[in-house]
Protein chains: 2
Amino acid sequence: MDPDGTLAFASHDHAACRDGAMAHAEAVAEAKGLRLTPVRRRALEILLESHQALGAYDVLDRLAEEGFGRQPPVAYRALEFLVEHGFAHRIRRLNAFAACMHPGEAHVPVFLICSACNGLAEAPGAAVATALRQSAGPLGFRVERMSIEAVGLCPACQEGDE
Amino acid sequence: MDPDGTLAFASHDHAACRDGAMAHAEAVAEAKGLRLTPVRRRALEILLESHQALGAYDVLDRLAEEGFGRQPPVAYRALEFLVEHGFAHRIRRLNAFAACMHPGEAHVPVFLICSACNGLAEAPGAAVATALRQSAGPLGFRVERMSIEAVGLCPACQEGDE
DNA sequence: CTTGACTAGTTATCTTATAACATATTCCTT
DNA sequence: AAGGAATATGTTATAAGATAACTAGTCAAG
């Protein structure tokens with residue numbers, strides 16, 4: 001599913017994209033014995049509606065409208081579950097969350113954030129991660145987690161802006 | 001000054017380290033015609049006291065104690081100035097700020113954050129930035145800014161933890 | 001010595017995130 | 001099927017981080 005991150009910025013059949021990601025996530029949850037409860041499932045569906053990051057309170061509003069709790073922990077806990085198990089990512093630069101486009105696959109995501117349309121893509125980060133470890137190695141630092149995020153312009157938003 | 005980021009995690013003469021960074025920053029400000037006013041200078045000195053990131057409110061408390069304003073914008077504006085002109089960096093993962101160890105030199109910083117002691121080092125990021133651009137290129141994304149941050153253990157905190 | 005740009009201060013408010021506790025659900029064990 | 005541990009959901013309250021909008025002081029150029 002979108003191994004090279006091209007989908008997010010290209011026009012595509014998003015209904016299929018979303019459904020595929022959802023099905024994939026469900027299969028992974030099933031396989032790992034994780035409880036994809038109604039709030040958690042719904043939170044993931046909400047994130048999957050677009051290739052953009054959503055703030056926790058945005059997700060919370062949506063959940064509350066649909067009969068779930070309306071207090072912050074409701075959203076934060078669902079999102080925490082999704083992030084912890086690899087169904088979603090936290091985008092630190094935006095204080096926001098986005099559905100993962102490769103659930104189940106080990107990967108270091110590189111987030112590309114379009115400053116014009118707020119679109120978000122996940123580029124492959126293996127090479128970046130390697131370079132980072134090589135940069136940290138000489139300092140004797142042991143890397144455990146990393147966040148790699150870039151802000152710029154997606155292909156569509158570069159037009160008329162050259 | 002600390003071109004390879006080794007200083008932060010190694011024991012060193014920090015008074016000289018701090019004074020050197022401050023002198024360097026002043027020279028750069030002078031050269032560029034920037035106004036390193038008392039609040040701004042003091043904010044930078046506070047950041048330079050340790051190789052750790054400080055929250056805006058931590059800096060604000062210190063500034064207030066010393067007779068500067070005690071409202072958030074006082075700290076945020078000073079920090080914004082420092083970041084904008086390359087005297088400090090914002091560490092998104094920590095919602096915090098840290099003095100730059102290479103003021104005046106163009107560089108992409110890679111932040112190494114020790115989860116045990118909160119130490120912070122700035123590793124060289126040229127190779128990482130190149131890898132990132134190569135990862136973003138095929139998607140047609142034009143990178144403008146990037147944040148590259150790693151969490152892990154510094155050399156000292158790895159001892160007795162292997 | 002006044003004008004315009006910039007700086008520093010204020011009040012007020014907004015956004016993001018977590019702590020602590022009560023209730024309900026699930027699921028394993030017997 | 002009942003008991004009990006673990007997990008999940010909900011609440012109230014508050015902490016932590018950030019910005020908008022306005023007022024007043026500073027300073028250098030004309």
# chains A, B, ... in the order shown; residues from 1 in each chain; ligands from 1
$ interface_residues --of "chain D" --to "chain B" --cutoff "12 Å" --atoms "only C-alpha atoms (C1' of nucleotides)" --output "ChimeraX atom specification"
/D:16-21,26-27
$ residues_around --residues "segment 25-29 of chain C" --least-positions-apart "2" --cutoff "10 Å" --atoms "only C-alpha atoms (C1' of nucleotides)" --output "PyMOL selection string"
(chain C and resi 23) or (chain D and resi 3-9)
$ closest_residue --among "B:Arg93, B:Arg77, B:His107, B:Arg133" --to "chain A" --atoms "only C-alpha atoms"
B:Arg93
$ select_by_dssp --residues "segment 63-153 of chain A" --states "alpha helix (DSSP H)" --output "mmCIF file with N, CA and C atoms, in the first residue's frame"
data_model
loop_
_atom_site.group_PDB
_atom_site.id
_atom_site.type_symbol
_atom_site.label_atom_id
_atom_site.label_comp_id
_atom_site.auth_asym_id
_atom_site.auth_seq_id
_atom_site.Cartn_x
_atom_site.Cartn_y
_atom_site.Cartn_z
ATOM 1 N N LEU A 63 -15.770 12.655 17.285
ATOM 2 C CA LEU A 63 -16.190 11.527 18.111
ATOM 3 C C LEU A 63 -17.391 11.919 18.977
ATOM 4 N N ALA A 64 -17.310 13.111 19.540
ATOM 5 C CA ALA A 64 -18.391 13.562 20.422
ATOM 6 C C ALA A 64 -19.707 13.667 19.658
ATOM 7 N N GLU A 65 -19.627 14.195 18.439
ATOM 8 C CA GLU A 65 -20.826 14.304 17.584
ATOM 9 C C GLU A 65 -21.491 12.952 17.385
ATOM 10 N N PRO A 72 -11.335 15.514 26.499
ATOM 11 C CA PRO A 72 -10.068 15.272 25.805
ATOM 12 C C PRO A 72 -9.500 13.864 25.930
ATOM 13 N N PRO A 73 -9.514 13.265 27.129
ATOM 14 C CA PRO A 73 -8.878 11.945 27.211
ATOM 15 C C PRO A 73 -9.483 10.917 26.270
ATOM 16 N N VAL A 74 -10.729 11.084 25.915
ATOM 17 C CA VAL A 74 -11.358 10.143 24.988
ATOM 18 C C VAL A 74 -10.572 10.110 23.678
ATOM 19 N N ALA A 75 -10.288 11.274 23.152
ATOM 20 C CA ALA A 75 -9.535 11.329 21.900
ATOM 21 C C ALA A 75 -8.068 10.964 22.118
ATOM 22 N N TYR A 76 -7.479 11.510 23.147
ATOM 23 C CA TYR A 76 -6.056 11.239 23.365
ATOM 24 C C TYR A 76 -5.786 9.761 23.584
ATOM 25 N N ARG A 77 -6.699 9.085 24.277
ATOM 26 C CA ARG A 77 -6.454 7.668 24.513
ATOM 27 C C ARG A 77 -6.616 6.842 23.247
ATOM 28 N N ALA A 78 -7.626 7.177 22.470
ATOM 29 C CA ALA A 78 -7.803 6.435 21.220
ATOM 30 C C ALA A 78 -6.596 6.662 20.312
ATOM 31 N N LEU A 79 -6.158 7.909 20.223
ATOM 32 C CA LEU A 79 -5.019 8.226 19.358
ATOM 33 C C LEU A 79 -3.739 7.584 19.875
ATOM 34 N N GLU A 80 -3.594 7.571 21.178
ATOM 35 C CA GLU A 80 -2.408 6.954 21.768
ATOM 36 C C GLU A 80 -2.358 5.466 21.394
ATOM 37 N N PHE A 81 -3.513 4.827 21.471
ATOM 38 C CA PHE A 81 -3.573 3.406 21.094
ATOM 39 C C PHE A 81 -3.150 3.234 19.626
ATOM 40 N N LEU A 82 -3.698 4.062 18.774
ATOM 41 C CA LEU A 82 -3.400 3.940 17.348
ATOM 42 C C LEU A 82 -1.911 4.163 17.063
ATOM 43 N N VAL A 83 -1.339 5.151 17.734
ATOM 44 C CA VAL A 83 0.078 5.433 17.520
ATOM 45 C C VAL A 83 0.937 4.299 18.081
ATOM 46 N N GLU A 84 0.576 3.863 19.283
ATOM 47 C CA GLU A 84 1.376 2.825 19.953
ATOM 48 C C GLU A 84 1.463 1.555 19.125
ATOM 49 N N ALA A 126 14.122 4.918 5.123
ATOM 50 C CA ALA A 126 15.223 4.013 5.478
ATOM 51 C C ALA A 126 16.584 4.689 5.311
ATOM 52 N N ALA A 127 16.777 5.350 4.168
ATOM 53 C CA ALA A 127 18.071 5.985 3.909
ATOM 54 C C ALA A 127 18.321 7.134 4.882
ATOM 55 N N VAL A 128 17.260 7.867 5.189
ATOM 56 C CA VAL A 128 17.397 8.984 6.116
ATOM 57 C C VAL A 128 17.762 8.470 7.501
ATOM 58 N N ALA A 129 17.109 7.383 7.900
ATOM 59 C CA ALA A 129 17.388 6.811 9.212
ATOM 60 C C ALA A 129 18.837 6.351 9.301
ATOM 61 N N THR A 130 19.306 5.747 8.231
ATOM 62 C CA THR A 130 20.698 5.290 8.205
ATOM 63 C C THR A 130 21.656 6.473 8.346
ATOM 64 N N ALA A 131 21.386 7.514 7.577
ATOM 65 C CA ALA A 131 22.240 8.707 7.652
ATOM 66 C C ALA A 131 22.213 9.288 9.059
ATOM 67 N N LEU A 132 21.036 9.279 9.667
ATOM 68 C CA LEU A 132 20.921 9.835 11.016
ATOM 69 C C LEU A 132 21.757 9.022 12.004
ATOM 70 N N ARG A 133 21.653 7.704 11.912
ATOM 71 C CA ARG A 133 22.434 6.858 12.826
ATOM 72 C C ARG A 133 23.931 7.067 12.614
ATOM 73 N N GLN A 134 24.315 7.274 11.368
ATOM 74 C CA GLN A 134 25.732 7.493 11.098
ATOM 75 C C GLN A 134 26.194 8.834 11.646
ATOM 76 N N SER A 135 25.239 9.765 11.716
ATOM 77 C CA SER A 135 25.593 11.077 12.252
ATOM 78 C C SER A 135 25.686 11.017 13.780
ATOM 79 N N ALA A 136 24.828 10.196 14.376
ATOM 80 C CA ALA A 136 24.789 10.109 15.836
ATOM 81 C C ALA A 136 25.878 9.191 16.381
#
$ residues_around --residues "Ser50 of chain B" --least-positions-apart "3" --cutoff "9 Å" --atoms "only C-alpha atoms (C1' of nucleotides)" --output "ChimeraX atom specification"
/B:8,14,18,46-47,53,98-99,119-120
$ write_last_selection --atoms "N, CA, C and O atoms" --output "mmCIF file, in the first residue's frame"
data_model
loop_
_atom_site.group_PDB
_atom_site.id
_atom_site.type_symbol
_atom_site.label_atom_id
_atom_site.label_comp_id
_atom_site.auth_asym_id
_atom_site.auth_seq_id
_atom_site.Cartn_x
_atom_site.Cartn_y
_atom_site.Cartn_z
ATOM 1 N N ALA B 8 28.514 18.566 23.634
ATOM 2 C CA ALA B 8 27.380 18.519 24.552
ATOM 3 C C ALA B 8 27.430 17.320 25.483
ATOM 4 O O ALA B 8 27.155 17.434 26.678
ATOM 5 N N HIS B 14 32.562 24.298 30.505
ATOM 6 C CA HIS B 14 31.335 24.883 29.974
ATOM 7 C C HIS B 14 31.311 26.409 30.048
ATOM 8 O O HIS B 14 30.668 27.058 29.224
ATOM 9 N N ARG B 18 30.151 28.387 26.916
ATOM 10 C CA ARG B 18 29.069 29.369 26.946
ATOM 11 C C ARG B 18 29.574 30.744 26.493
ATOM 12 O O ARG B 18 28.969 31.378 25.616
ATOM 13 N N ILE B 46 20.500 32.464 29.146
ATOM 14 C CA ILE B 46 19.796 31.427 29.912
ATOM 15 C C ILE B 46 19.831 30.100 29.157
ATOM 16 O O ILE B 46 20.112 29.051 29.735
ATOM 17 N N LEU B 47 19.574 30.147 27.864
ATOM 18 C CA LEU B 47 19.632 28.914 27.071
ATOM 19 C C LEU B 47 21.040 28.325 27.070
ATOM 20 O O LEU B 47 21.212 27.105 27.046
ATOM 21 N N ALA B 53 17.350 21.545 26.473
ATOM 22 C CA ALA B 53 16.331 22.441 25.938
ATOM 23 C C ALA B 53 15.498 22.976 27.097
ATOM 24 O O ALA B 53 15.271 22.278 28.076
ATOM 25 N N ALA B 98 16.567 25.650 22.478
ATOM 26 C CA ALA B 98 17.945 25.446 22.898
ATOM 27 C C ALA B 98 18.845 26.389 22.122
ATOM 28 O O ALA B 98 18.565 26.712 20.964
ATOM 29 N N ALA B 99 19.915 26.814 22.757
ATOM 30 C CA ALA B 99 20.880 27.684 22.076
ATOM 31 C C ALA B 99 21.519 26.927 20.928
ATOM 32 O O ALA B 99 21.735 25.717 21.011
ATOM 33 N N GLY B 119 19.839 15.695 28.208
ATOM 34 C CA GLY B 119 20.908 16.359 27.482
ATOM 35 C C GLY B 119 20.543 16.494 26.011
ATOM 36 O O GLY B 119 19.756 15.701 25.482
ATOM 37 N N LEU B 120 21.092 17.514 25.380
ATOM 38 C CA LEU B 120 20.775 17.747 23.978
ATOM 39 C C LEU B 120 22.045 18.047 23.204
ATOM 40 O O LEU B 120 22.818 18.910 23.596
#
$ closest_atom_pairs --of "chain C" --to "chain A" --cutoff "9 Å" --atoms "only C-alpha atoms (C1' of nucleotides)" --output "CSV"
residue,atom,partner,partner_atom,distance
C:DT15,C1',A:Tyr57,CA,8.9
C:DT16,C1',A:Asn95,CA,7.6
C:DA17,C1',A:Pro72,CA,8.3
C:DT18,C1',A:Pro73,CA,8.2
$ residues_around --residues "Cys114 of chain B" --least-positions-apart "3" --cutoff "6 Å" --atoms "only C-alpha atoms (C1' of nucleotides)" --output "mmCIF file with N, CA and C atoms, in the first residue's frame"
data_model
loop_
_atom_site.group_PDB
_atom_site.id
_atom_site.type_symbol
_atom_site.label_atom_id
_atom_site.label_comp_id
_atom_site.auth_asym_id
_atom_site.auth_seq_id
_atom_site.Cartn_x
_atom_site.Cartn_y
_atom_site.Cartn_z
ATOM 1 N N CYS B 117 18.801 11.953 30.761
ATOM 2 C CA CYS B 117 19.321 13.149 31.439
ATOM 3 C C CYS B 117 18.855 14.438 30.770
ATOM 4 N N ASN B 118 18.057 14.322 29.729
ATOM 5 C CA ASN B 118 17.579 15.500 29.000
ATOM 6 C C ASN B 118 18.673 16.279 28.308
ATOM 7 N N GLY B 119 19.839 15.695 28.208
ATOM 8 C CA GLY B 119 20.908 16.359 27.482
ATOM 9 C C GLY B 119 20.543 16.494 26.011
ATOM 10 N N VAL B 151 15.480 10.596 19.733
ATOM 11 C CA VAL B 151 15.468 10.372 21.175
ATOM 12 C C VAL B 151 16.240 9.089 21.435
ATOM 13 N N GLY B 152 17.036 9.086 22.488
ATOM 14 C CA GLY B 152 17.796 7.887 22.805
ATOM 15 C C GLY B 152 18.608 8.104 24.059
ATOM 16 N N LEU B 153 19.762 7.455 24.116
ATOM 17 C CA LEU B 153 20.604 7.570 25.311
ATOM 18 C C LEU B 153 21.983 8.117 24.946
ATOM 19 N N CYS B 154 22.405 9.109 25.697
ATOM 20 C CA CYS B 154 23.735 9.669 25.485
ATOM 21 C C CYS B 154 24.758 8.698 26.077
#
$ atom_distance --atom1 "atom CA of Phe111 of chain A" --atom2 "atom CA of Leu54 of chain A"
13.9 Å
$ residues_around --residues "Ala15 of chain B" --least-positions-apart "3" --cutoff "10 Å" --atoms "only C-alpha atoms (C1' of nucleotides)" --output "VMD selection string"
chain B and resid 12 18 to 21 48 to 50
$ residues_around --residues "segment 30-33 of chain B" --least-positions-apart "5" --cutoff "12 Å" --atoms "only C-alpha atoms (C1' of nucleotides)" --output "PyMOL selection string"
chain B and resi 23-25+85-86+104
